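Take a look at the structure set out below.
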Number of protein chains: 4
Amino acid sequence: MSDAASDTTPLPDIQSSGDERQIAINKVGVTNVRYPISLRTPGKGQGNEFIHTVATINMFVSLPHDVKGTHMSRFLEVLNEYHNELCSDSLRLVANRMKEKLDAKDAYLELNFPYFVDKQAPVSGQTGKLDFDVTFEIASNGTDDFVMTLKIPATSLCPCSKEISDYGAHNQRCDMTVKVRMADGVHLWIEELFAIVEQCASTQVFSVLKRPDEKWVTERAYENPKFVEDIVRDLAVALNKDDRIVWYQCSSENYESIHNHNAYAFIERDKR
Amino acid sequence: MSDAASDTTPLPDIQSSGDERQIAINKVGVTNVRYPISLRTPGKGQGNEFIHTVATINMFVSLPHDVKGTHMSRFLEVLNEYHNELCSDSLRLVANRMKEKLDAKDAYLELNFPYFVDKQAPVSGQTGKLDFDVTFEIASNGTDDFVMTLKIPATSLCPCSKEISDYGAHNQRCDMTVKVRMADGVHLWIEELFAIVEQCASTQVFSVLKRPDEKWVTERAYENPKFVEDIVRDLAVALNKDDRIVWYQCSSENYESIHNHNAYAFIERDKR
Amino acid sequence: MSDAASDTTPLPDIQSSGDERQIAINKVGVTNVRYPISLRTPGKGQGNEFIHTVATINMFVSLPHDVKGTHMSRFLEVLNEYHNELCSDSLRLVANRMKEKLDAKDAYLELNFPYFVDKQAPVSGQTGKLDFDVTFEIASNGTDDFVMTLKIPATSLCPCSKEISDYGAHNQRCDMTVKVRMADGVHLWIEELFAIVEQCASTQVFSVLKRPDEKWVTERAYENPKFVEDIVRDLAVALNKDDRIVWYQCSSENYESIHNHNAYAFIERDKR
Amino acid sequence: MSDAASDTTPLPDIQSSGDERQIAINKVGVTNVRYPISLRTPGKGQGNEFIHTVATINMFVSLPHDVKGTHMSRFLEVLNEYHNELCSDSLRLVANRMKEKLDAKDAYLELNFPYFVDKQAPVSGQTGKLDFDVTFEIASNGTDDFVMTLKIPATSLCPCSKEISDYGAHNQRCDMTVKVRMADGVHLWIEELFAIVEQCASTQVFSVLKRPDEKWVTERAYENPKFVEDIVRDLAVALNKDDRIVWYQCSSENYESIHNHNAYAFIERDKR
């Protein structure tokens with residue numbers, strides 16, 4: 001499916017013909033578009049550093065009941081207007097440009113990408129990159145909605161296992177997923193939300209751990225046992241406290257080391 | 001995490017202790033449990049045939065603000081009460097049993113599984129199995145909610161490509177996803193919803209096609225071109241007409257043969 | 001692509017025409033076919049029990065340099081000859097039937113499916129199902145090759161973390177993958193290979209664990225720390241000892257609870 | 001698992017202790033490490049352009065029979081020596097550095113990443129990015145082996161369907177996977193192998209297609225029908241002709257628009 005709005009070729013434009021079914025379409029567009037993007041980071045005092053990554057992108061508009069089809073090629077044309085320079089600074093512009101170029105009332109832009117933060121090991125101070133998934137959902141449909149989702153790996157250690165066992169305690173990697181909406185005009189860096197979230201598990205994970213670091217994280221997890229219920233409650237406490245956040249969903253999925261299934265808990269709250 | 005409610009061992013029960021954070025948990029439980037299940041099919045006049053498949057199951061309950069943890073092992077114990085005989089007939093019972101056994105106000109049971117229907121090729125009449133994904137979401141939280149989702153593969157052929165080209169037209173596999181809630185007391189077989197959905201693409205897909213069948217489906221798709229917008233609108237028309245269905249979401253994702261990304265459209269409607 | 005060998009319709013058979021490129025094809029066929037299968041289990045003395053599951057199947061034949069194409073629909077026809085009754089007993093017959101029906105020198109049949117064993121919790125004796133992935137690769141190409149692969153979840157506990165920490169030790173779920181070829185004429189049950197493999201980690205995983213069981217597995221893992229290197233070496237020792245096995249690959253992937261990446265080790269040996 | 005070779009802390013080094021099992025390990029290391037990388041491109045005459053992407057990385061060394069464990073943290077330390085600047089130019093150095101730092105006889109480095117080429121639409125000349133997956137496998141085990149794999153999306157159109165149908169022909173997206181080893185001293189750009197591969201299907205896919213382009217690709221595919229067998233044979237013909245390539249595997253997987261399963265063919269050849 002494509003269009004030729006600016007072509008001189010007189011090929012028929014089926015998409016622009018009418019439709020009799022009287023059914024408006026909530027969202028129509030393209031999915032699973034992979035594209036290189038860069039993200040502005042808080043930087044080191046200069047605010048001018050960027051992270052390069054690859055996003056999987058969905059782009060949608062609404063379609064009124066009386067129009068047969070949208071012009072799919074224009075979604076990609078909008079992306080390509082930012083050729084090699086699609087940046088987190090431009091995403092609201094991209095959504096608005098989609099509305100304009102596709103002559104639509106509503107536009108939706110979703111990006112999912114791996115992100116990286118440099119973390120220092122707790123004792124040796126060795127620096128390494130921690131990777132996690134981030135999703136941005138931008139709506140330009142009258143509300144200018146923006147939802148940011150972080151999926152942060154960490155360690156959970158079971159309080160029951162610790163309490164009932166003579167030694168040891170089962171522990172495992174978990175993924176904490178936090179989805180937030182911010183108050184009007186508030187900007188929240190990925191790094192800021194990340195810092196809030198990774199405090200809420202039994203201990204953090206790191207990419208490089210030397211032996212003194214490994215001793216530290218092992219003992220720290222043992223001293224700080226948490227059920228999956230504790231993790232989501234501590235996430236909720238932290239997100240409740242932060243006035244920049246007006247709505248959230250938070251969950252944790254723990255890849256139990258003693259089972260072949262996972263433990264999971266979920267809390268949603270709208271402060272508005 | 002586990003419990004020992006029926007054990008004589010006097011091991012401490014951490015989960016049952018109190019919690020001071022004043023935060024109730026919407027859902028807590030187990031995810032990614034694989035389990036064999038059987039599903040009753042409409043059968044051939046006798047209503048007594050079953051399909052055996054494997055479900056990936058999530059099980060949750062709500063947890064009040066003043067209880068520290070749920071008892072995770074009991075979710076699996078509930079499943080195991082139906083050992084080797086977990087059947088579609090019992091799913092509402094399973095959800096109710098979760099509430100009882102976990103002393104919870106709300107229970108949620110989700111099952112995702114491959115399903116099979118026997119389909120005859122259009123000309124040769126050869127029978128083959130078509131596989132597709134089905135999801136059941138059962139809530140026992142005062143509302144007795146039930147949502148059934150089918151993801152049905154089919155063929156879509158592009159009307160624009162057909163119209164502008166001297167010969168041929170690009171076509172591709174698509175997945176139509178339909179999520180429905182039924183009116184009170186109404187039972188809808190998977191096979192019934194499947195039959196409604198697979199009519200809505202350019203043509204159906206089959207597992208065995210002999211040459212006369214392949215000629216038939218090729219020509220049928222060419223005679224019946226549909227944009228992704230047409231497919232979701234035709235799904236909406238069909239679901240609007242059926243009074244057994246009171247709420248639905250429908251979408252189609254077309255794996256465009258001329259791109260490395262997909263076309264997608266989505267409609268939601270609540271008739272209530 | 002399909003064929004009409006037995007049809008009276010005089011549609012041309014392009015596949016059977018010649019090819020001039022002088023290039024034989026090693027494998028041609030169908031992939032990602034989902035199909036219900038049943039597997040004979042050792043049973044409880046009677047040898048007559050079956051497990052029902054769903055396989056993802058690949059089917060290939062070789063194609064000589066001078067034939068343009070194979071007849072894809074016949075692969076599915078062969079499967080459908082075992083309609084609703086495709087069983088582990090018949091797989092060698094299926095491979096031979098592929099050769100015959102597709103007039104091929106070599107046939108390859110691959111099945112991947114979830115499997116279930118009933119396991120008793122170590123103290124409470126509660127029974128639950130443990131799920132894991134099994135792959136069968138059957139070749140009928142002069143050698144009658146058969147390769148069985150099991151991917152078994154278990155627990156690994158880090159010896160270094162235990163040794164250097166004042167308390168606790170990081171542990172995590174791991175997946176041990178064992179791929180074996182058997183001596184001529186030897187039959188090995190999935191359950192037999194499973195029993196060998198699951199002894200090799202720090203401790204086993206279970207589906208239902210009551211508190212006394214959880215205490216047992218926690219302490220057992222702590223008493224039995226193993227690096228990923230220890231796990232694959234213990235797998236190799238066990239597989240070396242078993243004369244029924246003449247070739248193997250074994251590996252373990254440990255989902256480290258202190259990192260967001262995994263530890264992995266791999267050993268291959270041909271005893272022949 | 002970690003090490004403290006350079007630490008003053010006198011924590012015991014379990015990994016360096018002996019092992020009595022007499023079993024050498026082929027590969028031990030880390031898997032699923034996500035890391036930002038840059039790749040040098042042929043550029044536009046200047047040879048100085050880079051593509052930024054994200055790789056999923058596996059790193060292994062061999063371990064002699066008498067050493068208990070490797071030092072896992074050193075793999076990540078090697079990566080971090082190239083902090084924010086891991087580049088395709090350095091990969092052989094990384095593999096050699098792994099051998100040195102881990103005191104190993106053999107080192108293996110595997111990277112899988114999405115890659116992007118700018119392609120012009122055939123008629124309108126509009127530029128867009130095509131994304132595909134690339135894998136590099138580097139061995140430093142005496143042989144200095146290097147294997148490059150490209151998985152390229154394209155369009156396939158069925159010759160049988162075209163021949164037997166009065167109009168139309170089923171077509172679909174396919175993925176061609178080509179894995180090559182080069183002659184000694186030969187460098188082959190991703191872009192060069194990509195150009196060879198994408199000629200071999202019925203037509204190429206593009207990210208932006210205006211209506212005249214869509215007409216072109218639709219008609220081009222119809223004029224150039226290919227079975228999955230034709231695609232792999234044409235790949236083999238092209239790879240046979242290129243003396244820079246001494247070994248290859250090539251395959252195509254076609255996501256049949258008329259089935260819910262795929263067609264597949266595979267050829268392997270060693271010219272040496």
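Here, A, B, ... name the chains of the structure tokens in the order displayed, residue numbers run from 1 inside each chain, and ligands are numbered from 1 in the same displayed order.
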Which residues of chain C are close to chain B, meaning at most 8 Å apart when you count only C-alpha atoms, and how do they look as a ChimeraX atom specification?
/C:1-4,9,11,34-36,52-54,73-74,76-77,80,114,127-129,131,207-212,214
Go ahead and save the picked residues with N, CA and C atoms, as a compact mmCIF listing (two decimals), in the first residue's frame.
# COMPACT_ATOMS: atom_id res chain seq x y z
N MET C 1 2.37 -23.43 -3.09
CA MET C 1 2.89 -24.54 -3.87
C MET C 1 2.17 -25.83 -3.51
N SER C 2 1.78 -26.56 -4.51
CA SER C 2 1.03 -27.78 -4.23
C SER C 2 1.16 -28.70 -5.43
N ASP C 3 0.51 -29.80 -5.39
CA ASP C 3 0.58 -30.68 -6.55
C ASP C 3 -0.77 -31.32 -6.78
N ALA C 4 -0.90 -31.98 -7.89
CA ALA C 4 -2.20 -32.57 -8.23
C ALA C 4 -1.98 -33.91 -8.92
N THR C 9 -7.86 -33.03 -13.16
CA THR C 9 -7.67 -31.70 -13.75
C THR C 9 -6.31 -31.62 -14.45
N LEU C 11 -4.07 -29.53 -14.91
CA LEU C 11 -3.29 -28.34 -14.61
C LEU C 11 -1.80 -28.68 -14.75
N ARG C 34 2.45 -26.61 13.13
CA ARG C 34 2.04 -27.03 14.48
C ARG C 34 1.05 -28.18 14.35
N TYR C 35 1.23 -29.20 15.18
CA TYR C 35 0.41 -30.40 15.03
C TYR C 35 0.31 -31.11 16.39
N PRO C 36 -0.89 -31.60 16.72
CA PRO C 36 -1.02 -32.34 17.98
C PRO C 36 -0.35 -33.71 17.85
N HIS C 52 -0.29 -36.25 25.71
CA HIS C 52 -0.73 -35.45 24.57
C HIS C 52 -0.05 -34.09 24.62
N THR C 53 0.54 -33.66 23.52
CA THR C 53 1.16 -32.35 23.49
C THR C 53 1.06 -31.80 22.07
N VAL C 54 1.69 -30.66 21.81
CA VAL C 54 1.64 -30.02 20.50
C VAL C 54 3.06 -29.81 20.01
N SER C 73 2.63 -29.92 -0.88
CA SER C 73 1.40 -30.33 -0.21
C SER C 73 1.51 -31.76 0.31
N ARG C 74 2.42 -32.56 -0.31
CA ARG C 74 2.50 -33.96 0.11
C ARG C 74 3.07 -34.13 1.52
N LEU C 76 2.27 -32.32 4.07
CA LEU C 76 1.11 -32.23 4.96
C LEU C 76 0.19 -33.43 4.81
N GLU C 77 0.12 -33.94 3.57
CA GLU C 77 -0.68 -35.15 3.37
C GLU C 77 -0.14 -36.33 4.17
N ASN C 80 -1.19 -35.91 7.65
CA ASN C 80 -2.63 -36.12 7.82
C ASN C 80 -3.04 -37.59 7.68
N PRO C 114 6.70 -29.31 24.05
CA PRO C 114 6.78 -29.35 25.51
C PRO C 114 6.40 -30.74 26.01
N THR C 127 2.56 -34.13 44.39
CA THR C 127 2.88 -34.36 42.99
C THR C 127 2.54 -33.13 42.15
N GLY C 128 3.43 -32.81 41.22
CA GLY C 128 3.17 -31.72 40.29
C GLY C 128 3.83 -32.05 38.96
N LYS C 129 3.48 -31.29 37.94
CA LYS C 129 4.04 -31.53 36.61
C LYS C 129 5.23 -30.59 36.39
N ASP C 131 7.46 -29.14 33.34
CA ASP C 131 7.46 -29.02 31.88
C ASP C 131 8.86 -28.74 31.37
N SER C 207 7.27 -28.12 40.66
CA SER C 207 6.14 -27.23 40.40
C SER C 207 5.42 -26.86 41.69
N VAL C 208 5.27 -27.80 42.60
CA VAL C 208 4.64 -27.50 43.90
C VAL C 208 5.64 -27.74 45.02
N LEU C 209 5.91 -26.72 45.80
CA LEU C 209 6.79 -26.86 46.95
C LEU C 209 6.11 -26.28 48.18
N LYS C 210 5.80 -27.11 49.17
CA LYS C 210 5.29 -26.61 50.44
C LYS C 210 6.49 -26.16 51.29
N ARG C 211 6.23 -25.55 52.43
CA ARG C 211 7.37 -24.97 53.18
C ARG C 211 8.47 -25.97 53.53
N PRO C 212 8.14 -27.18 53.99
CA PRO C 212 9.25 -28.11 54.29
C PRO C 212 10.05 -28.48 53.03
N GLU C 214 10.48 -26.38 50.47
CA GLU C 214 11.27 -25.20 50.12
C GLU C 214 12.53 -25.13 50.98
Contacts of Asp106 (chain D) within 12 Å, only C-alpha atoms, excl. fewer than 3 positions in-chain, as a VMD selection string
chain D and resid 25 to 29 59 to 64 95 to 103 109 138 to 145
Nearby residues (only C-alpha atoms) at most 6 Å from region 151-167 of chain D, same-chain spacing under 2 positions excluded, as a PDB file with N, CA, C and O atoms, in the first residue's frame:
ATOM      1  N   LYS B 215      -5.239 -22.969  -7.320  1.00  0.00           N
ATOM      2  CA  LYS B 215      -5.849 -22.100  -8.341  1.00  0.00           C
ATOM      3  C   LYS B 215      -7.034 -21.343  -7.727  1.00  0.00           C
ATOM      4  O   LYS B 215      -7.173 -20.132  -7.903  1.00  0.00           O
ATOM      5  N   SER B 257       4.215  -8.253   1.820  1.00  0.00           N
ATOM      6  CA  SER B 257       5.241  -8.955   1.040  1.00  0.00           C
ATOM      7  C   SER B 257       6.195  -7.987   0.350  1.00  0.00           C
ATOM      8  O   SER B 257       7.236  -8.407  -0.149  1.00  0.00           O
TER       9      SER B 257
ATOM     10  N   ILE C  14       4.394 -27.658 -12.815  1.00  0.00           N
ATOM     11  CA  ILE C  14       5.668 -26.935 -12.972  1.00  0.00           C
ATOM     12  C   ILE C  14       6.778 -27.597 -12.176  1.00  0.00           C
ATOM     13  O   ILE C  14       7.920 -27.689 -12.630  1.00  0.00           O
TER      14      ILE C  14
ATOM     15  N   PHE D 132      17.937  -5.427   8.407  1.00  0.00           N
ATOM     16  CA  PHE D 132      18.066  -6.895   8.391  1.00  0.00           C
ATOM     17  C   PHE D 132      19.054  -7.311   9.467  1.00  0.00           C
ATOM     18  O   PHE D 132      19.777  -6.470  10.021  1.00  0.00           O
ATOM     19  N   ASP D 133      19.075  -8.605   9.771  1.00  0.00           N
ATOM     20  CA  ASP D 133      19.936  -9.120  10.846  1.00  0.00           C
ATOM     21  C   ASP D 133      21.263  -9.611  10.303  1.00  0.00           C
ATOM     22  O   ASP D 133      21.311 -10.290   9.277  1.00  0.00           O
ATOM     23  N   ALA D 169      -1.335 -14.393  -8.469  1.00  0.00           N
ATOM     24  CA  ALA D 169      -0.364 -15.424  -8.075  1.00  0.00           C
ATOM     25  C   ALA D 169      -0.043 -15.151  -6.623  1.00  0.00           C
ATOM     26  O   ALA D 169       0.161 -13.993  -6.228  1.00  0.00           O
ATOM     27  N   HIS D 170      -0.014 -16.213  -5.803  1.00  0.00           N
ATOM     28  CA  HIS D 170       0.267 -15.919  -4.390  1.00  0.00           C
ATOM     29  C   HIS D 170       1.737 -15.546  -4.237  1.00  0.00           C
ATOM     30  O   HIS D 170       2.613 -16.096  -4.894  1.00  0.00           O
ATOM     31  N   ASN D 171       1.983 -14.540  -3.414  1.00  0.00           N
ATOM     32  CA  ASN D 171       3.345 -14.103  -3.130  1.00  0.00           C
ATOM     33  C   ASN D 171       3.432 -13.764  -1.655  1.00  0.00           C
ATOM     34  O   ASN D 171       2.419 -13.739  -0.955  1.00  0.00           O
ATOM     35  N   GLN D 172       4.642 -13.541  -1.128  1.00  0.00           N
ATOM     36  CA  GLN D 172       4.816 -13.371   0.315  1.00  0.00           C
ATOM     37  C   GLN D 172       6.220 -12.872   0.610  1.00  0.00           C
ATOM     38  O   GLN D 172       7.088 -12.931  -0.236  1.00  0.00           O
ATOM     39  N   ARG D 173       6.377 -12.410   1.836  1.00  0.00           N
ATOM     40  CA  ARG D 173       7.708 -12.058   2.292  1.00  0.00           C
ATOM     41  C   ARG D 173       8.500 -13.343   2.515  1.00  0.00           C
ATOM     42  O   ARG D 173       7.951 -14.357   2.938  1.00  0.00           O
ATOM     43  N   CYS D 174       9.774 -13.318   2.196  1.00  0.00           N
ATOM     44  CA  CYS D 174      10.642 -14.431   2.544  1.00  0.00           C
ATOM     45  C   CYS D 174      11.880 -13.879   3.229  1.00  0.00           C
ATOM     46  O   CYS D 174      12.155 -12.682   3.148  1.00  0.00           O
ATOM     47  N   ASP D 175      12.580 -14.724   3.970  1.00  0.00           N
ATOM     48  CA  ASP D 175      13.875 -14.354   4.550  1.00  0.00           C
ATOM     49  C   ASP D 175      14.946 -15.257   3.955  1.00  0.00           C
ATOM     50  O   ASP D 175      14.905 -16.480   4.151  1.00  0.00           O
ATOM     51  N   MET D 176      15.881 -14.669   3.236  1.00  0.00           N
ATOM     52  CA  MET D 176      17.019 -15.433   2.719  1.00  0.00           C
ATOM     53  C   MET D 176      18.166 -15.319   3.709  1.00  0.00           C
ATOM     54  O   MET D 176      18.550 -14.207   4.077  1.00  0.00           O
ATOM     55  N   THR D 177      18.694 -16.448   4.149  1.00  0.00           N
ATOM     56  CA  THR D 177      19.815 -16.436   5.092  1.00  0.00           C
ATOM     57  C   THR D 177      21.053 -16.989   4.405  1.00  0.00           C
ATOM     58  O   THR D 177      21.038 -18.103   3.885  1.00  0.00           O
ATOM     59  N   ALA D 201      15.730 -13.165  -5.101  1.00  0.00           N
ATOM     60  CA  ALA D 201      14.312 -13.458  -4.890  1.00  0.00           C
ATOM     61  C   ALA D 201      13.496 -12.961  -6.094  1.00  0.00           C
ATOM     62  O   ALA D 201      14.066 -12.506  -7.091  1.00  0.00           O
ATOM     63  N   SER D 202      12.179 -13.026  -6.020  1.00  0.00           N
ATOM     64  CA  SER D 202      11.340 -12.546  -7.122  1.00  0.00           C
ATOM     65  C   SER D 202      11.463 -11.034  -7.267  1.00  0.00           C
ATOM     66  O   SER D 202      11.550 -10.505  -8.363  1.00  0.00           O
ATOM     67  N   THR D 203      11.458 -10.334  -6.134  1.00  0.00           N
ATOM     68  CA  THR D 203      11.789  -8.911  -6.149  1.00  0.00           C
ATOM     69  C   THR D 203      12.240  -8.513  -4.762  1.00  0.00           C
ATOM     70  O   THR D 203      12.128  -9.286  -3.806  1.00  0.00           O
ATOM     71  N   GLN D 204      12.814  -7.317  -4.663  1.00  0.00           N
ATOM     72  CA  GLN D 204      13.305  -6.815  -3.386  1.00  0.00           C
ATOM     73  C   GLN D 204      12.169  -6.167  -2.588  1.00  0.00           C
ATOM     74  O   GLN D 204      11.139  -5.822  -3.142  1.00  0.00           O
ATOM     75  N   VAL D 205      12.387  -6.002  -1.290  1.00  0.00           N
ATOM     76  CA  VAL D 205      11.457  -5.200  -0.490  1.00  0.00           C
ATOM     77  C   VAL D 205      12.092  -3.832  -0.212  1.00  0.00           C
ATOM     78  O   VAL D 205      13.310  -3.677  -0.260  1.00  0.00           O
ATOM     79  N   PRO D 225       8.637 -15.135 -11.267  1.00  0.00           N
ATOM     80  CA  PRO D 225       8.201 -16.071 -10.231  1.00  0.00           C
ATOM     81  C   PRO D 225       9.320 -17.028  -9.837  1.00  0.00           C
ATOM     82  O   PRO D 225      10.100 -17.442 -10.682  1.00  0.00           O
ATOM     83  N   LYS D 226       9.395 -17.369  -8.547  1.00  0.00           N
ATOM     84  CA  LYS D 226      10.424 -18.297  -8.072  1.00  0.00           C
ATOM     85  C   LYS D 226       9.880 -19.165  -6.948  1.00  0.00           C
ATOM     86  O   LYS D 226       9.333 -18.650  -5.967  1.00  0.00           O
ATOM     87  N   PHE D 227      10.081 -20.465  -7.080  1.00  0.00           N
ATOM     88  CA  PHE D 227       9.873 -21.364  -5.946  1.00  0.00           C
ATOM     89  C   PHE D 227      10.967 -21.101  -4.910  1.00  0.00           C
ATOM     90  O   PHE D 227      12.028 -20.544  -5.230  1.00  0.00           O
TER      91      PHE D 227
END
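For the pair CA of Ala236 (chain B) and CA of His65 (chain A), the interatomic distance is 12.1 Å.
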Can you tell me how far CA of Leu193 (chain C) sits from CA of Asp270 (chain C), in Å to one decimal?
17.4 Å
Could you give me the residues within region 49-104 of chain C that DSSP places in alpha helix (DSSP H), as a list in words?
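Here is the list: Ser73, Arg74, Phe75, Leu76, Glu77, Val78, Leu79, Asn80, Leu91, Arg92, Leu93, Val94, Ala95, Asn96, Arg97, Met98, Lys99, Glu100 and Lys101 of chain C.
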Can you work out the spacing between CA of Asn32 (chain B) and CA of His259 (chain C) in Å, to one decimal?
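Pair CA of Asn32 (chain B) / CA of His259 (chain C) returns 21.8 Å.
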Just the residues within 8 Å of Lys179 (chain A), please, counting only C-alpha atoms, with nothing from its chain fewer than 2 positions along; format it as a list in words.
Val147, Met148, Thr149, Leu150, Thr177, Arg181, Tyr248, Gln249 and Cys250 of chain A
Write out as an MDAnalysis selection string the set of residues from region 59-182 of chain C that DSSP, computed on the backbone, places in strand (DSSP E or B).
chainID C and resid 59:63 67 87 107:120 127:140 146:157 171:182
